[in-house]
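As stored in input-v3.tsv (TSV, C-alpha atoms):
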```tsv
chain	number	residue	atom	x	y	z
Z	1	MET	CA	-30.86	-46.32	54.60
Z	2	ASP	CA	-32.43	-43.90	57.02
Z	3	VAL	CA	-30.64	-41.14	58.90
Z	4	ASN	CA	-32.26	-42.37	62.11
Z	5	ASP	CA	-30.58	-45.76	61.59
Z	6	ILE	CA	-27.09	-44.26	61.95
Z	7	ASN	CA	-25.68	-45.16	65.31
Z	8	LEU	CA	-23.55	-42.24	66.48
Z	9	ASP	CA	-22.40	-44.19	69.52
Z	10	ALA	CA	-20.80	-46.79	67.25
Z	11	VAL	CA	-19.05	-44.04	65.27
Z	12	LEU	CA	-17.78	-42.39	68.45
Z	13	ARG	CA	-16.55	-45.73	69.85
Z	14	ALA	CA	-14.60	-46.49	66.66
Z	15	PRO	CA	-10.84	-46.59	67.03
Z	16	ASP	CA	-8.96	-43.35	66.52
Z	17	TRP	CA	-7.24	-44.57	63.39
Z	18	ALA	CA	-10.64	-45.32	61.77
Z	19	LYS	CA	-11.87	-41.86	62.74
Z	20	ALA	CA	-8.70	-40.32	61.22
Z	21	VAL	CA	-9.13	-42.33	57.99
Z	22	ALA	CA	-12.78	-41.31	57.74
Z	23	LEU	CA	-11.89	-37.67	58.40
Z	24	LEU	CA	-9.13	-37.80	55.78
Z	25	ALA	CA	-11.52	-39.40	53.27
Z	26	ILE	CA	-14.17	-36.73	53.90
Z	27	THR	CA	-11.52	-33.97	53.65
Z	28	ALA	CA	-10.15	-35.47	50.38
Z	29	LEU	CA	-13.68	-35.64	48.92
Z	30	LEU	CA	-14.35	-32.03	49.87
Z	31	ALA	CA	-10.97	-30.86	48.52
Z	32	GLY	CA	-11.45	-32.85	45.29
Z	33	GLY	CA	-14.94	-31.44	44.80
Z	34	PHE	CA	-13.67	-27.90	45.45
Z	35	TRP	CA	-10.77	-28.37	43.03
Z	36	TYR	CA	-12.95	-29.91	40.27
Z	37	PHE	CA	-16.03	-27.70	40.55
Z	38	VAL	CA	-14.59	-24.36	41.75
Z	39	TYR	CA	-10.81	-24.04	41.34
Z	40	GLN	CA	-10.35	-25.72	37.92
Z	41	PRO	CA	-13.01	-23.64	36.04
Z	42	HIS	CA	-11.74	-20.49	37.73
Z	43	THR	CA	-8.16	-21.30	36.69
Z	44	GLN	CA	-9.26	-21.76	33.08
Z	45	ARG	CA	-11.09	-18.43	33.11
Z	46	VAL	CA	-8.02	-16.76	34.62
Z	47	ALA	CA	-5.82	-18.26	31.86
Z	48	GLN	CA	-8.24	-17.02	29.18
Z	49	MET	CA	-8.34	-13.57	30.72
Z	50	ASP	CA	-4.54	-13.57	30.96
Z	51	ASN	CA	-4.26	-14.38	27.23
Z	52	ARG	CA	-6.73	-11.62	26.44
Z	53	VAL	CA	-4.75	-9.15	28.57
Z	54	GLN	CA	-1.54	-10.10	26.74
Z	55	SER	CA	-3.26	-9.69	23.37
Z	56	LEU	CA	-4.64	-6.29	24.37
Z	57	LYS	CA	-1.23	-5.19	25.65
Z	58	ALA	CA	0.39	-6.15	22.33
Z	59	GLN	CA	-2.38	-4.33	20.44
Z	60	TYR	CA	-1.90	-1.29	22.68
Z	61	GLN	CA	1.85	-1.27	22.01
Z	62	ARG	CA	1.24	-1.44	18.24
Z	63	LYS	CA	-1.25	1.41	18.40
Z	64	LYS	CA	1.08	3.40	20.64
Z	65	SER	CA	3.96	3.04	18.18
Z	66	GLN	CA	1.64	4.02	15.32
Z	67	VAL	CA	0.56	7.12	17.20
Z	68	ALA	CA	4.19	7.95	17.94
Z	69	ASN	CA	4.99	7.64	14.22
Z	70	LEU	CA	1.92	9.60	13.13
Z	71	PRO	CA	3.72	12.95	12.62
Z	72	ALA	CA	6.42	11.27	10.55
Z	73	LEU	CA	3.81	9.38	8.54
Z	74	ARG	CA	1.85	12.58	7.93
Z	75	GLU	CA	5.02	14.35	6.78
Z	76	HIS	CA	5.86	11.43	4.49
Z	77	PHE	CA	2.31	11.47	3.10
Z	78	GLN	CA	2.57	15.23	2.49
Z	79	LYS	CA	5.85	14.76	0.60
Z	80	LEU	CA	4.35	11.98	-1.50
Z	81	GLN	CA	1.35	14.16	-2.26
Z	82	GLU	CA	3.63	17.02	-3.35
Z	83	ARG	CA	5.60	14.63	-5.57
Z	84	MET	CA	2.37	13.34	-7.08
Z	85	GLU	CA	1.21	16.89	-7.80
Z	86	GLY	CA	4.60	17.65	-9.38
Z	87	ALA	CA	4.35	14.53	-11.53
Z	88	LEU	CA	0.82	15.42	-12.59
Z	89	GLU	CA	2.03	18.91	-13.58
Z	90	GLN	CA	4.38	17.21	-16.02
Z	91	LEU	CA	1.39	15.53	-17.65
Z	92	PRO	CA	-0.42	18.15	-19.69
Z	93	ASP	CA	-4.17	18.20	-19.99
Z	94	ARG	CA	-5.96	17.90	-23.33
Z	95	THR	CA	-5.66	21.62	-24.14
Z	96	GLU	CA	-1.88	21.69	-23.58
Z	97	VAL	CA	-0.98	18.79	-25.90
Z	98	PRO	CA	-0.94	20.90	-29.11
Z	99	GLU	CA	1.26	23.50	-27.38
Z	100	LEU	CA	3.61	20.75	-26.27
Z	101	ILE	CA	3.86	19.41	-29.82
Z	102	ASP	CA	4.58	22.96	-30.95
Z	103	ASP	CA	7.35	23.12	-28.32
Z	104	VAL	CA	8.99	20.01	-29.80
Z	105	ASP	CA	8.77	21.55	-33.28
Z	106	ARG	CA	10.22	24.86	-32.03
Z	107	VAL	CA	13.12	23.11	-30.25
Z	108	GLY	CA	13.99	21.17	-33.40
Z	109	ARG	CA	13.93	24.27	-35.59
Z	110	ALA	CA	16.00	26.20	-33.02
Z	111	GLU	CA	18.69	23.52	-33.32
Z	112	GLY	CA	18.71	23.93	-37.10
Z	113	LEU	CA	16.91	20.74	-37.94
Z	114	GLN	CA	14.60	20.49	-40.93
Z	115	PHE	CA	11.41	18.54	-40.33
Z	116	GLN	CA	10.57	16.20	-43.20
Z	117	LEU	CA	7.69	14.55	-41.31
Z	118	PHE	CA	5.74	15.70	-38.29
Z	119	GLU	CA	2.66	13.46	-38.10
Z	120	PRO	CA	0.52	13.20	-34.92
Z	121	LYS	CA	-0.89	9.68	-34.49
Z	122	THR	CA	-3.98	8.40	-32.71
Z	123	GLU	CA	-3.97	8.86	-28.95
Z	124	LYS	CA	-3.82	5.64	-26.89
Z	125	GLN	CA	-5.46	5.59	-23.47
Z	126	LYS	CA	-3.93	3.71	-20.57
Z	127	GLU	CA	-5.17	3.32	-17.00
Z	128	PHE	CA	-4.94	6.96	-15.86
Z	129	TYR	CA	-3.07	8.63	-18.71
Z	130	ALA	CA	-3.08	8.83	-22.48
Z	131	VAL	CA	-0.14	8.61	-24.88
Z	132	LYS	CA	-0.07	10.88	-27.95
Z	133	PRO	CA	2.59	9.64	-30.40
Z	134	VAL	CA	4.00	11.87	-33.11
Z	135	ALA	CA	6.05	10.40	-35.97
Z	136	LEU	CA	9.12	12.56	-36.67
Z	137	GLU	CA	11.62	12.66	-39.47
Z	138	VAL	CA	14.26	15.37	-39.25
Z	139	GLN	CA	17.42	16.18	-41.15
Z	140	GLY	CA	20.48	17.87	-39.79
Z	141	SER	CA	23.87	17.36	-38.25
Z	142	PHE	CA	24.63	14.76	-35.62
Z	143	ASN	CA	25.37	17.44	-33.01
Z	144	ALA	CA	22.11	19.29	-33.76
Z	145	MET	CA	20.18	16.05	-33.33
Z	146	GLY	CA	21.89	15.40	-29.98
Z	147	ARG	CA	21.04	18.92	-28.78
Z	148	PHE	CA	17.45	18.45	-30.02
Z	149	LEU	CA	17.04	15.22	-28.06
Z	150	ALA	CA	18.57	16.80	-24.94
Z	151	ALA	CA	16.36	19.89	-25.25
Z	152	THR	CA	13.28	17.72	-25.76
Z	153	ALA	CA	14.12	15.70	-22.66
Z	154	SER	CA	14.49	18.87	-20.59
Z	155	LEU	CA	11.09	20.30	-21.52
Z	156	PRO	CA	8.95	21.00	-18.42
Z	157	ARG	CA	6.39	18.45	-19.62
Z	158	ILE	CA	7.10	14.78	-20.26
Z	159	VAL	CA	8.14	14.04	-23.85
Z	160	ASN	CA	9.70	10.69	-24.61
Z	161	VAL	CA	11.55	10.27	-27.91
Z	162	GLY	CA	12.00	6.64	-28.89
Z	163	ASP	CA	12.12	4.22	-31.80
Z	164	LEU	CA	15.20	6.08	-33.08
Z	165	SER	CA	16.60	5.32	-36.49
Z	166	LEU	CA	19.60	7.29	-37.79
Z	167	GLN	CA	20.47	7.14	-41.48
Z	168	GLY	CA	22.89	8.90	-43.78
Z	169	SER	CA	26.54	9.73	-43.75
Z	170	GLY	CA	28.70	12.79	-43.60
Z	171	GLY	CA	27.23	16.08	-42.43
Z	172	ASP	CA	23.56	15.49	-43.21
Z	173	LEU	CA	21.80	12.75	-41.29
Z	174	THR	CA	18.14	11.73	-41.14
Z	175	LEU	CA	16.61	10.85	-37.81
Z	176	LYS	CA	13.35	8.93	-37.76
Z	177	ALA	CA	11.74	8.70	-34.34
Z	178	THR	CA	8.49	8.69	-32.43
Z	179	ALA	CA	7.96	11.43	-29.89
Z	180	ARG	CA	5.43	10.51	-27.24
Z	181	THR	CA	3.76	13.01	-24.99
Z	182	PHE	CA	1.50	12.01	-22.15
Z	183	ARG	CA	-1.54	13.57	-20.60
Z	184	TYR	CA	-3.50	12.84	-17.47
Z	185	LEU	CA	-7.03	11.50	-18.04
Z	186	SER	CA	-9.85	13.24	-16.24
Z	187	ASP	CA	-11.94	11.20	-13.80
Z	188	ALA	CA	-14.76	10.99	-16.35
Z	189	GLU	CA	-12.34	9.69	-18.99
Z	190	GLN	CA	-10.90	7.14	-16.57
Z	191	GLN	CA	-14.32	5.82	-15.59
Z	192	GLY	CA	-16.00	6.00	-18.98
Z	193	GLY	CA	-12.99	5.32	-21.14
Z	194	GLY	CA	-14.17	8.17	-23.39
Z	195	LYS	CA	-11.97	10.61	-25.23
```
Mind turning the file's structure into structure tokens?
Amino acid sequence: MDVNDINLDAVLRAPDWAKAVALLAITALLAGGFWYFVYQPHTQRVAQMDNRVQSLKAQYQRKKSQVANLPALREHFQKLQERMEGALEQLPDRTEVPELIDDVDRVGRAEGLQFQLFEPKTEKQKEFYAVKPVALEVQGSFNAMGRFLAATASLPRIVNVGDLSLQGSGGDLTLKATARTFRYLSDAEQQGGGK
């Protein structure tokens, strides 16, 4: 088909309804092509950008609330750090363990107890601390033993008295127990597992 073969006179002499149908068909083809090739891809890109905007807005709101809570979080962190330092102060270092054991001995003697056995055992290392058990056997009155346990519990450093066994009758009782003191392991001890 050649463009020169098109007879414009025949097209112009066509009835008005045929011209209207042809014009509508051409307009529908142009509108369909515009919708398929231009509008539809643009709409998809707009929807993607809209989703991204919503995601960024939500992320912004989260960050904004985090920034608003930052002073409170810093204060909370500071309090936790102070509590951690206080807890670490209750764990003696290696040089303070003998003094702490002496404190337990002194408290017991101050309460009138007689030590039959005071035997330090082998230290056991945990994740970030070590436990130093001491086997105790003391004789005295029930009240003196109660005061001894209370005084031991109120020492500034952590001392845990457990594995209690109370024997005897009357005024003189024998208390067998294990006193455990704890110490914080240095970074080198934690990494190397050395003593």
From the list Z:Phe77, Z:Tyr184, Z:Phe115, Z:Phe148, which residue is nearest Glu127 (chain Z) when using only C-alpha atoms?
Z:Tyr184
Pull the closest atom pair for each residue of region 18-129 of chain Z that gets at most 8 Å from region 135-142 of chain Z, along with the distance in Å to one decimal, counting all atoms listed in the file, ordering rows by chain and then ascending residue number, as CSV.
```
residue,atom,partner,partner_atom,distance
Z:Gly112,CA,Z:Gly140,CA,6.9
Z:Leu113,CA,Z:Gly140,CA,4.9
Z:Gln114,CA,Z:Gln139,CA,5.2
Z:Phe115,CA,Z:Val138,CA,4.4
Z:Gln116,CA,Z:Glu137,CA,5.2
Z:Leu117,CA,Z:Glu137,CA,4.7
Z:Phe118,CA,Z:Leu136,CA,4.9
Z:Glu119,CA,Z:Ala135,CA,5.0
Z:Pro120,CA,Z:Ala135,CA,6.3
Z:Lys121,CA,Z:Ala135,CA,7.1
```
Please produce a file of those selected residues containing C-alpha atoms, as a CSV table (one decimal), in the frame of the given file.
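Okay, part-v9.csv is ready:
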```
chain,number,residue,atom,x,y,z
Z,112,GLY,CA,18.7,23.9,-37.1
Z,113,LEU,CA,16.9,20.7,-37.9
Z,114,GLN,CA,14.6,20.5,-40.9
Z,115,PHE,CA,11.4,18.5,-40.3
Z,116,GLN,CA,10.6,16.2,-43.2
Z,117,LEU,CA,7.7,14.6,-41.3
Z,118,PHE,CA,5.7,15.7,-38.3
Z,119,GLU,CA,2.7,13.5,-38.1
Z,120,PRO,CA,0.5,13.2,-34.9
Z,121,LYS,CA,-0.9,9.7,-34.5
```
Gap from CA of Asp163 (chain Z) to CA of Arg180 (chain Z) - Å, one decimal
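So the answer is 10.3 Å.
One distance worth recording is that between CA of Val46 (chain Z) and CA of Leu30 (chain Z), which is 22.5 Å.
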Report, in Å to a single decimal, how far apart CA of Phe34 (chain Z) and CA of Ala18 (chain Z) are.
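Answer for the CA of Ala18 (chain Z) to CA of Phe34 (chain Z) separation: 24.1 Å.
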Name the residues in contact with Pro133 (chain Z) at a cut-off of 12 Å, using all atoms listed in the file, excluding same-chain residues fewer than 3 positions from it; report them as a count of residues only.
26
